[in-house]
Every structure is written in C-alpha cells, then in structure tokens.
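First comes the structure, then the notes that go with it.
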Amino acid sequence: MPTTILEVTDLRKQYDDGFEAVKGLSFSVKKGEVFGILGPNGAGKTTTLEMIEGLRSITSGTIMLDGLDVRKKAYQVKERIGIQLQSSAFFPNLQLIELLRLFNDLYAESSDAMELLREVGLEDKAHAAAKELSGGQRQRFSIATTLVNKPIAIFLDEPTTGLDPQARRNLWDLVSQIQKKGTTVILTTHYMEEAQVLCDRVAIMDEGKIIALDTPDNLIKQLLGRGFKPHTKVQAATLEDVFIDLTGKELRD
Amino acid sequence: MKANLIWITVAVLVLARVGWRLTASRRQAAATKSRRRLIKNRGYAAFKGLTVASLKMYFRNRTAIFFSLFFPMVFITVFGLIFKNNSASFKIDMVNQSHTQLAVRFEQALKDVSAFKITDTTTDQAATDLDKGDADLTVTIPSGFGQIQNGVPVPAKVTAHYNEERPGNGQAAAQILQQITSSMNDQLTGAPRIVSVDASGVKTKNLTYIDFLLPGMIGLSIMQIGIFSVAFAFVSYKTTGMLRRLQATPIHPGMFLGAQGLTRLIMGMVQTLLLATIGILFFGFHLDPANWLAFGVLALIGSAVFQEIGFAIAGWAKNEDQAQPVAQLIQFPMMFLSGTFFPRDSFPHLLGVITGFLPLTYLADALRHVANDNASLWAVRGDLLGLLVWAVISGVIAVKVFSWE
C-alpha cells in the first residue's frame, strides 16, 4: 500500500527580477518509487528540486515532505533527505573517507564510511581526493554523501549528465539498488532512455509547468493512442545497445 | 651566520615533521573517541568535524602553508641575520703619513672610539672607498703632524673628507673627530676646562632592529592569515558549490563560518608562537615571559579583527576575481604603512597621522609596546580600542554585504 512521501501543491517561484520559473506545480511522490522530472533546459526542474530541498525560498504554494512543511521545518526536512546538487564539489585536500566522516559529523550520524564507499564501488578510492575522481566516480561519491544520514528520500539533479554510457548504466544500477533498500529517489534528467529504464513515474515539465505526469509506459501508450507514428522504423535495439555490446559493460574510470 | 641559518632550517623542518606526526595520531584517536561519545550532540559534533576538516585542509594546502607559515619565517631569518650585531658604526679610512709620537697617539685615540671602524690605507684607496661609499670618512694625518721645533709643537692640521652626496654618517663621524681633536688640544695646552660634559652609558635592554621588526612581522602574518587566507578559501567554497552542499545538510551555515574562524585563530597563534620562538632563540628578540600572555591575547584579538575583514570581503565577493583586488588593496598599503619594516616616525606628518588609524598599525604598535616596554594590556588600551572600532566597522560591513552565493 503506497503512501505519499512528498506532496507539492500549487508551487510557484518568482525571482527578484520578475522571472517566473515555476508556475503552479502540483504533484505527489509515493514512498519507495523512483520519480523523474524531465524537461528541456530552463524548464524549472532544478528550481523545483531546490525549493523541495529547502535550498531556495518558495514564492507561494506548499511542499509537505514526510508530513513536514518544508517552508517551516527546513532543518528537520534536511535531516530526513539526501541531496545531490548538479555541480558536485567537495572540500579540497580531504580524502573521500574523511569527507564521508565529515558528513557523518554534520548529521551527528555514525554510518560506516567504508561501507558507504563499498556500496558505490569506491572502496579502493577511500584515500583519494575528490578531484582525482573521474566524472562517474564523482557522481557515485556524491550519491554516497547523500546516504550518510540514512535518508527516506534522495534527490539527484541530473546525475548522469556528461557521463559515458558505461558510467551511466553503472549509475542506473546504483539507483535501482538504492530503491530496492526502500529509499525514494527523485531525479531530474535530460535522457529519456534513462527515465524509461529507471523511473516508476515521470513528470514532464516545460516553461515552469507540468505538462504530463504518468508512468513511462502510459505516456507512450497515450502518445500512440493519439495516432503517433515514429519517423524511423522501430528497431529492436538502439545505437547505444550496439556501443555497449561492442565496448563492454565494465567501467572505464 | 651560516651555522645559524642551517640550525634554523633544521629546527623548522624537524618541528614541522614532529608536529604533523603528533597531530595526525592525536586526531585519529580523538576522532574515533568523539564519534562514539558525542553522537547525541549534533551541534558539537558538526562544529568539531568542520574544525578538524578545516585544519586538515589548511595544513594540506601547500600554498597557504608557504605564505602564512614558511614565508614569514624565512623573512624573519633573513632580516634577523642582516641586522644582527649591527649597532651604529662609522667606517673610517685612515691615511697616516706622520710617524711622530703625537700622530701615533692621535690615531690610537680614534681607534679607542668604539663606534669607529678604522682601516689604515693609502690616499688613493681612501678616495676610492669614499667614492663608492665603502668609507664614511677619510682622515689624513699629514707628514708634518706632531713635529716639534724648538721644544714647541708645530701647529698641525688633520684633514677629513666625507662624501657630500651621502653626508649623514660622514658628518656625524667628523663631529666626533672634532671633539677628540679639541680634547687632545686641551690636554696638550693645559687650558683650563671651564665647561665639560660628563656622559656615561646606562645599561638598557639593548633593543635591536629585531625588536622593532618581529612584532610588526607577527602582526603582518596575522593580517595575512586573517584577510587573505579567509577571503580566498571562503570565496572558493562559494564558487565550487561546496557552501551550497553544506546548506543541503541540516547544520546552520554559520557553524561553518565559526569553524573556519577557529581554524584561522589557531593558525594565527601557531604562527605567533613560531615567529616569536625563532626571534627569541636565534636573534635575541626581547619578550619577557611575564608578557607572553598579553602578547598572545593581542595576537588573538588581532586575528579576530583581520578575519572579520576577510569575511567581509569573502561575503561580498562572488568569485576570486572580485576578492583578489579588494584583498590586495586593503593589505598592501598596510604592509608598508603600518610601521612593520620601518618606523612611522620618518613619514611626513599627515601620512603619519593617517597611518596611525590603520588596523595593522594598532596591532603592531601594541605588540611592540608589550614586547619592548613591558606594557600591560591596560597600557595599550588605546590600540585595543582602535582594533575594536575596526572590528565593529568590518563586522557591520560583513553582515550588510554577506551572501552565500
């Protein structure tokens, strides 16, 4: 019986310069699902995410996360969630294991830092600095930092942007793994294939509004129901499948 | 001199190595213990974690260590060696062409003056030395000097030359020469002494240039750590998004500011301790143990004030390109105008008055006062008040212009 973990009602964001980035969003996310927010650049995905995370002020509307009003209880909300920002920078001159211990301290948690690194496949990089990591490794480490406080939900903002196909698929595996442990995942992405593979439900945003919200399969069915014919003949495999088949699945970090 | 330099280098390297080892093992022990015990106390755990992380980042940042620790030490060592044992003295080239008893006596009288460094030489060499500035004064005793005719000394003249382009030392030396000559005259003629001066040296602390320089250098490096290292580190945390990542955790961002501040206070104290120790051990810097506390308290207060200035810059600047020129603009004039390398007494009046209000002037003056004159904190309350005013001004600016992005 799925319960709602996030409830967004008529959310709006107007910046100081008058630009209205988010124009009345309403949606809810169920506990344990992977929820995707899709949309072109500038659609308002990141702004929406940051308002939910309590990082950006809310112009109007309400956001309830695990029964807490984000506007009033931002700190309590932050204790319950894990956040990966679009640009993931970490303090210089610290090893990964030290960074994770620092995050432990920030949450007054005592998660096993080594175990977290093992979960994201960075055990052998425990004593490396964040800047020595490849793009995929950095994203995986970034996800590890979101898990320190055993969150009920994690937010990933374009986690696979700029990664090669191997690293991207590896990250998909990681996200599925996290979902299997019962953590809700809310992510934004530009890649439709990614959304199709990972997300239980997706919201498609454009110009600050949600223009569609359903499971990927239903959205496709609805499109076909409207009489859509693809430009090219549907093939049983994609070019990426060819690429992965030829170059192998193992990571190239 | 060379031996000193080698010793200092060895001592610094050994200290650094030992210090690193010690802190590394202690940090590990402290970290595991604290994790077990203080899990319940979020604020404390977070603050401690951030402080330890900040210290680690600082110590592993070679550029920061170089500029805030190593560079001032090298500076002190170089200046200390240059100005060691350099009490005022005059270089005098002596050309003695006479061999009479009086000439020998006269030359001896000059050699007895402790401030004179006398070299016997030829007329040509003396002229060259004077020209190059290798001699302050040339003294020629002519061949007829001190000859006696019919039992009476023939009046004789000693000629002395100084370089008119650089008259300072030469003129002073010529004055002393004049005095010696006239007292010799008095002795020879037996003229009654109607007026005389009785001057004698009094034992003092014998302050040297290092006593002037070191408090200034300590103030300077405190400023360096406060303004430069705060502004740069903090702005880079802004631009790389690290601050934003911290905001995504449930700690109050002010806690990070506090931890960064504490780190720099610790660094400022370490720096003060190192520089003062080097000064005392190797260059005869005078700092009475009774004044250590006052000296340390001043260093701590100075650190806090300059950090506020640093945070005001960092809080305002959006990136390094904005922070750098402002930090330089504030720091650079103070380096030279706050009496760190040379006293402000030599400034033109107006400049002297204006520079008296600079924060580094207050700090350097107070530190110097405590070290050189055994002044208490109460005695330097004027400087402390000046620092306080700067603390308030920069605090208000910091709060007004601060932004996390």
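FYI, nothing fancy with the structure tokens labels: chains A, B, ... in order, residues from 1 per chain, ligands from 1 as they appear.
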
Test item: residues at most 12 Å from region 167-178 of chain A, only C-alpha atoms, excluding those fewer than 6 positions along its chain, as JSON, numbers by chain: {"A": [32, 33, 34, 35, 82, 116, 118, 119, 120, 121, 134, 135, 136, 137, 138, 139, 140, 141, 142, 143, 144, 146, 147, 150, 151, 152, 153, 154, 155, 156, 158, 159, 160, 161, 184, 185, 186, 187, 189, 191, 193, 194, 195, 196, 197, 198, 199, 200, 240, 241, 244, 248, 249, 250, 251, 252, 253]}

Selection near Leu96 (chain A), 10 Å with only C-alpha atoms, sequence-local residues under 2 positions removed, as a tab-separated table (two decimals) with N, CA and C atoms, in the first residue's frame:
chain	number	residue	atom	x	y	z
A	90	PHE	N	33.59	19.21	-3.67
A	90	PHE	CA	33.87	18.86	-2.28
A	90	PHE	C	35.12	19.58	-1.82
A	91	PHE	N	35.22	19.71	-0.51
A	91	PHE	CA	36.38	20.40	0.05
A	91	PHE	C	37.67	19.85	-0.53
A	93	ASN	N	41.71	18.89	-0.62
A	93	ASN	CA	42.70	18.35	0.32
A	93	ASN	C	42.13	17.39	1.37
A	94	LEU	N	40.94	16.87	1.12
A	94	LEU	CA	40.42	15.85	2.03
A	94	LEU	C	40.20	14.56	1.25
A	98	GLU	N	37.52	10.77	4.63
A	98	GLU	CA	37.45	11.90	5.57
A	98	GLU	C	36.22	12.77	5.29
A	99	LEU	N	35.92	12.94	4.00
A	99	LEU	CA	34.73	13.71	3.64
A	99	LEU	C	33.47	13.04	4.16
A	100	LEU	N	33.41	11.72	4.00
A	100	LEU	CA	32.22	11.00	4.48
A	100	LEU	C	32.11	11.09	6.00
A	101	ARG	N	33.25	11.04	6.68
A	101	ARG	CA	33.21	11.18	8.15
A	101	ARG	C	32.76	12.59	8.53
A	102	LEU	N	33.18	13.57	7.73
A	102	LEU	CA	32.72	14.94	7.99
A	102	LEU	C	31.20	15.01	7.85
A	113	ALA	N	31.70	4.69	7.05
A	113	ALA	CA	32.12	5.38	5.83
A	113	ALA	C	32.63	4.40	4.78
A	114	MET	N	33.35	3.38	5.24
A	114	MET	CA	33.92	2.40	4.30
A	114	MET	C	32.80	1.61	3.62
A	117	LEU	N	31.31	3.64	0.92
A	117	LEU	CA	32.15	3.64	-0.28
A	117	LEU	C	32.02	2.32	-1.03
A	122	LEU	N	33.53	2.48	-4.53
A	122	LEU	CA	34.71	3.34	-4.48
A	122	LEU	C	35.63	2.97	-3.30
A	123	GLU	N	35.52	1.71	-2.89
A	123	GLU	CA	36.29	1.27	-1.74
A	123	GLU	C	37.78	1.53	-1.92
A	125	LYS	N	39.16	3.78	-3.52
A	125	LYS	CA	39.50	5.20	-3.64
A	125	LYS	C	39.36	5.91	-2.29
A	126	ALA	N	39.26	5.16	-1.22
A	126	ALA	CA	38.98	5.74	0.10
A	126	ALA	C	39.94	6.87	0.45
A	127	HIS	N	41.18	6.74	0.03
A	127	HIS	CA	42.16	7.75	0.43
A	127	HIS	C	42.52	8.70	-0.70
A	128	ALA	N	41.71	8.68	-1.74
A	128	ALA	CA	41.94	9.63	-2.84
A	128	ALA	C	41.19	10.93	-2.54
A	129	ALA	N	41.60	12.01	-3.21
A	129	ALA	CA	40.87	13.27	-3.07
A	129	ALA	C	39.76	13.30	-4.11
A	130	ALA	N	38.70	14.07	-3.83
A	130	ALA	CA	37.55	14.10	-4.73
A	130	ALA	C	37.95	14.53	-6.13
A	131	LYS	N	38.92	15.44	-6.22
A	131	LYS	CA	39.26	15.96	-7.56
A	131	LYS	C	40.02	14.95	-8.41
A	133	LEU	N	38.93	12.00	-8.92
A	133	LEU	CA	37.96	11.04	-9.43
A	133	LEU	C	37.53	11.39	-10.85
A	141	PHE	N	30.35	9.05	-5.74
A	141	PHE	CA	30.74	9.52	-4.41
A	141	PHE	C	29.72	10.52	-3.86
A	144	ALA	N	27.02	8.74	-2.47
A	144	ALA	CA	27.39	8.18	-1.17
A	144	ALA	C	27.18	9.22	-0.06
A	145	THR	N	27.53	10.49	-0.34
A	145	THR	CA	27.37	11.51	0.70
A	145	THR	C	25.89	11.76	1.01

Per DSSP on the backbone, what are the strand (DSSP E) residues of region 18-174 of chain A, as number ranges by chain? A: 20-30, 34-38, 60-65, 68-69, 81-84, 153-157

Leaving out Ile5 (chain A) and any residue of its chain fewer than 2 positions from it, which residues lie within 7 Å of it when counting only C-alpha atoms, given as a list in words?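 Close residues of Ile5 (chain A): Thr3, Glu7, Val29, Lys30, Lys31, Leu65 and Asp66 of chain A.
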
For the selection just defined, write its residues with C-alpha atoms to a file, as an mmCIF file, in the first residue's frame.
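As written to disk, result-v7.cif reads:
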data_model
loop_
_atom_site.group_PDB
_atom_site.id
_atom_site.type_symbol
_atom_site.label_atom_id
_atom_site.label_comp_id
_atom_site.auth_asym_id
_atom_site.auth_seq_id
_atom_site.Cartn_x
_atom_site.Cartn_y
_atom_site.Cartn_z
ATOM 1 C CA THR A 3 1.863 6.105 0.977
ATOM 2 C CA GLU A 7 3.101 16.389 -1.686
ATOM 3 C CA VAL A 29 5.580 11.207 -4.947
ATOM 4 C CA LYS A 30 4.884 7.793 -3.417
ATOM 5 C CA LYS A 31 7.127 6.177 -0.902
ATOM 6 C CA LEU A 65 7.763 16.114 2.885
ATOM 7 C CA ASP A 66 7.094 13.154 5.144
#

Using only C-alpha atoms, which chain A residues lie at most 9 Å away from chain B, written as a PyMOL selection string? chain A and resi 53-55+74-79+81-85+87-94+98-99+101-110

Hey, can you spit out that residue selection with N, CA and C atoms as an mmCIF file, in the first residue's frame?
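Wrote it out as out-v4.cif, contents follow:
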data_model
loop_
_atom_site.group_PDB
_atom_site.id
_atom_site.type_symbol
_atom_site.label_atom_id
_atom_site.label_comp_id
_atom_site.auth_asym_id
_atom_site.auth_seq_id
_atom_site.Cartn_x
_atom_site.Cartn_y
_atom_site.Cartn_z
ATOM 1 N N GLU A 53 13.985 20.877 -1.543
ATOM 2 C CA GLU A 53 15.095 20.576 -0.642
ATOM 3 C C GLU A 53 15.298 21.640 0.431
ATOM 4 N N GLY A 54 14.565 22.750 0.311
ATOM 5 C CA GLY A 54 14.722 23.825 1.289
ATOM 6 C C GLY A 54 15.917 24.714 1.008
ATOM 7 N N LEU A 55 16.455 24.651 -0.212
ATOM 8 C CA LEU A 55 17.628 25.452 -0.550
ATOM 9 C C LEU A 55 17.235 26.779 -1.195
ATOM 10 N N ALA A 74 12.500 23.460 7.554
ATOM 11 C CA ALA A 74 13.544 23.135 6.578
ATOM 12 C C ALA A 74 14.632 22.248 7.186
ATOM 13 N N TYR A 75 15.040 22.540 8.430
ATOM 14 C CA TYR A 75 16.134 21.770 9.022
ATOM 15 C C TYR A 75 15.737 20.324 9.291
ATOM 16 N N GLN A 76 14.494 20.131 9.790
ATOM 17 C CA GLN A 76 14.048 18.757 10.038
ATOM 18 C C GLN A 76 13.925 17.985 8.727
ATOM 19 N N VAL A 77 13.497 18.699 7.684
ATOM 20 C CA VAL A 77 13.390 18.050 6.386
ATOM 21 C C VAL A 77 14.774 17.621 5.910
ATOM 22 N N LYS A 78 15.761 18.519 6.064
ATOM 23 C CA LYS A 78 17.116 18.204 5.606
ATOM 24 C C LYS A 78 17.713 17.012 6.351
ATOM 25 N N GLU A 79 17.283 16.806 7.573
ATOM 26 C CA GLU A 79 17.771 15.641 8.315
ATOM 27 C C GLU A 79 17.280 14.343 7.701
ATOM 28 N N ILE A 81 16.421 13.828 4.390
ATOM 29 C CA ILE A 81 16.658 13.603 2.962
ATOM 30 C C ILE A 81 18.152 13.690 2.636
ATOM 31 N N GLY A 82 18.491 13.214 1.444
ATOM 32 C CA GLY A 82 19.860 13.336 0.944
ATOM 33 C C GLY A 82 19.815 14.107 -0.363
ATOM 34 N N ILE A 83 20.762 15.026 -0.542
ATOM 35 C CA ILE A 83 20.695 15.900 -1.703
ATOM 36 C C ILE A 83 21.984 15.827 -2.514
ATOM 37 N N GLN A 84 21.821 15.549 -3.810
ATOM 38 C CA GLN A 84 22.968 15.665 -4.695
ATOM 39 C C GLN A 84 22.725 16.856 -5.603
ATOM 40 N N LEU A 85 23.642 17.812 -5.539
ATOM 41 C CA LEU A 85 23.459 19.013 -6.350
ATOM 42 C C LEU A 85 24.018 18.791 -7.747
ATOM 43 N N SER A 87 26.160 20.564 -9.539
ATOM 44 C CA SER A 87 27.623 20.622 -9.561
ATOM 45 C C SER A 87 28.112 20.103 -8.219
ATOM 46 N N SER A 88 28.742 18.964 -8.263
ATOM 47 C CA SER A 88 29.149 18.357 -7.002
ATOM 48 C C SER A 88 30.609 18.662 -6.702
ATOM 49 N N ALA A 89 30.835 19.657 -5.852
ATOM 50 C CA ALA A 89 32.193 19.998 -5.441
ATOM 51 C C ALA A 89 32.377 19.578 -3.997
ATOM 52 N N PHE A 90 33.591 19.211 -3.666
ATOM 53 C CA PHE A 90 33.872 18.857 -2.280
ATOM 54 C C PHE A 90 35.121 19.581 -1.815
ATOM 55 N N PHE A 91 35.223 19.708 -0.512
ATOM 56 C CA PHE A 91 36.378 20.401 0.054
ATOM 57 C C PHE A 91 37.672 19.846 -0.526
ATOM 58 N N PRO A 92 38.602 20.720 -0.838
ATOM 59 C CA PRO A 92 39.886 20.259 -1.354
ATOM 60 C C PRO A 92 40.727 19.649 -0.228
ATOM 61 N N ASN A 93 41.706 18.885 -0.618
ATOM 62 C CA ASN A 93 42.697 18.346 0.321
ATOM 63 C C ASN A 93 42.133 17.390 1.365
ATOM 64 N N LEU A 94 40.942 16.867 1.118
ATOM 65 C CA LEU A 94 40.423 15.849 2.029
ATOM 66 C C LEU A 94 40.197 14.555 1.252
ATOM 67 N N GLU A 98 37.518 10.773 4.631
ATOM 68 C CA GLU A 98 37.446 11.903 5.568
ATOM 69 C C GLU A 98 36.222 12.769 5.287
ATOM 70 N N LEU A 99 35.917 12.938 4.000
ATOM 71 C CA LEU A 99 34.730 13.715 3.637
ATOM 72 C C LEU A 99 33.467 13.036 4.158
ATOM 73 N N ARG A 101 33.254 11.039 6.677
ATOM 74 C CA ARG A 101 33.215 11.181 8.145
ATOM 75 C C ARG A 101 32.762 12.587 8.531
ATOM 76 N N LEU A 102 33.183 13.570 7.727
ATOM 77 C CA LEU A 102 32.723 14.936 7.991
ATOM 78 C C LEU A 102 31.198 15.006 7.846
ATOM 79 N N PHE A 103 30.680 14.371 6.783
ATOM 80 C CA PHE A 103 29.221 14.387 6.606
ATOM 81 C C PHE A 103 28.536 13.651 7.764
ATOM 82 N N ASN A 104 29.171 12.585 8.209
ATOM 83 C CA ASN A 104 28.665 11.906 9.404
ATOM 84 C C ASN A 104 28.515 12.902 10.550
ATOM 85 N N ASP A 105 29.570 13.690 10.775
ATOM 86 C CA ASP A 105 29.547 14.667 11.866
ATOM 87 C C ASP A 105 28.450 15.708 11.653
ATOM 88 N N LEU A 106 28.262 16.122 10.411
ATOM 89 C CA LEU A 106 27.262 17.149 10.135
ATOM 90 C C LEU A 106 25.855 16.666 10.474
ATOM 91 N N TYR A 107 25.641 15.342 10.352
ATOM 92 C CA TYR A 107 24.323 14.799 10.667
ATOM 93 C C TYR A 107 24.304 14.158 12.049
ATOM 94 N N ALA A 108 25.448 14.271 12.763
ATOM 95 C CA ALA A 108 25.603 13.557 14.032
ATOM 96 C C ALA A 108 25.230 12.092 13.845
ATOM 97 N N GLU A 109 25.729 11.514 12.754
ATOM 98 C CA GLU A 109 25.454 10.125 12.413
ATOM 99 C C GLU A 109 26.708 9.306 12.641
ATOM 100 N N SER A 110 26.559 8.000 12.564
ATOM 101 C CA SER A 110 27.754 7.170 12.701
ATOM 102 C C SER A 110 27.770 6.075 11.639
#

Could you name the residues that touch region 58-61 of chain A at 12 Å or less, counting only C-alpha atoms, but leaving out those on the same chain fewer than 2 positions away, as an NGL selection string? :A and (7-16 or 18-27 or 47-56 or 63-64 or 69-72 or 74)

Hey, can you spit out that residue selection with C-alpha atoms as an mmCIF file, in the first residue's frame?
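Output below, filename selection.cif:
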data_model
loop_
_atom_site.group_PDB
_atom_site.id
_atom_site.type_symbol
_atom_site.label_atom_id
_atom_site.label_comp_id
_atom_site.auth_asym_id
_atom_site.auth_seq_id
_atom_site.Cartn_x
_atom_site.Cartn_y
_atom_site.Cartn_z
ATOM 1 C CA GLU A 7 3.101 16.389 -1.686
ATOM 2 C CA VAL A 8 3.581 19.548 -3.738
ATOM 3 C CA THR A 9 0.615 21.890 -4.081
ATOM 4 C CA ASP A 10 0.406 24.895 -6.413
ATOM 5 C CA LEU A 11 4.126 25.616 -6.086
ATOM 6 C CA ARG A 12 5.349 28.892 -7.583
ATOM 7 C CA LYS A 13 8.688 30.622 -7.829
ATOM 8 C CA GLN A 14 9.193 34.167 -8.975
ATOM 9 C CA TYR A 15 12.749 35.534 -8.918
ATOM 10 C CA ASP A 16 13.643 39.066 -7.862
ATOM 11 C CA GLY A 18 10.345 39.155 -12.070
ATOM 12 C CA PHE A 19 11.104 35.938 -13.933
ATOM 13 C CA GLU A 20 8.578 33.258 -13.061
ATOM 14 C CA ALA A 21 10.498 29.986 -13.120
ATOM 15 C CA VAL A 22 7.821 27.731 -11.651
ATOM 16 C CA LYS A 23 4.165 28.399 -12.369
ATOM 17 C CA GLY A 24 1.855 26.431 -10.109
ATOM 18 C CA LEU A 25 3.104 22.862 -9.823
ATOM 19 C CA SER A 26 1.111 20.168 -8.073
ATOM 20 C CA PHE A 27 2.235 16.568 -7.829
ATOM 21 C CA THR A 47 14.394 25.372 -9.176
ATOM 22 C CA THR A 48 11.597 22.970 -8.239
ATOM 23 C CA LEU A 49 14.035 20.497 -6.748
ATOM 24 C CA GLU A 50 15.823 23.203 -4.750
ATOM 25 C CA MET A 51 12.563 24.504 -3.314
ATOM 26 C CA ILE A 52 11.645 20.983 -2.192
ATOM 27 C CA GLU A 53 15.095 20.576 -0.642
ATOM 28 C CA GLY A 54 14.722 23.825 1.289
ATOM 29 C CA LEU A 55 17.628 25.452 -0.550
ATOM 30 C CA ARG A 56 15.546 28.073 -2.315
ATOM 31 C CA ILE A 63 5.513 21.398 -0.007
ATOM 32 C CA MET A 64 4.947 18.636 2.524
ATOM 33 C CA ASP A 69 6.097 21.650 5.861
ATOM 34 C CA VAL A 70 9.381 22.450 4.087
ATOM 35 C CA ARG A 71 8.807 26.146 4.497
ATOM 36 C CA LYS A 72 8.560 25.908 8.282
ATOM 37 C CA ALA A 74 13.544 23.135 6.578
#

DSSP alpha helix (DSSP H) selection over region 9-235 of chain A, as a PyMOL selection string: chain A and resi 45-52+74-80+96-106+113-119+135-147+165-180+192-198+216-225

What's the separation between CA of Gly44 (chain A) and CA of Met205 (chain A), in Å to one decimal place? 7.4 Å
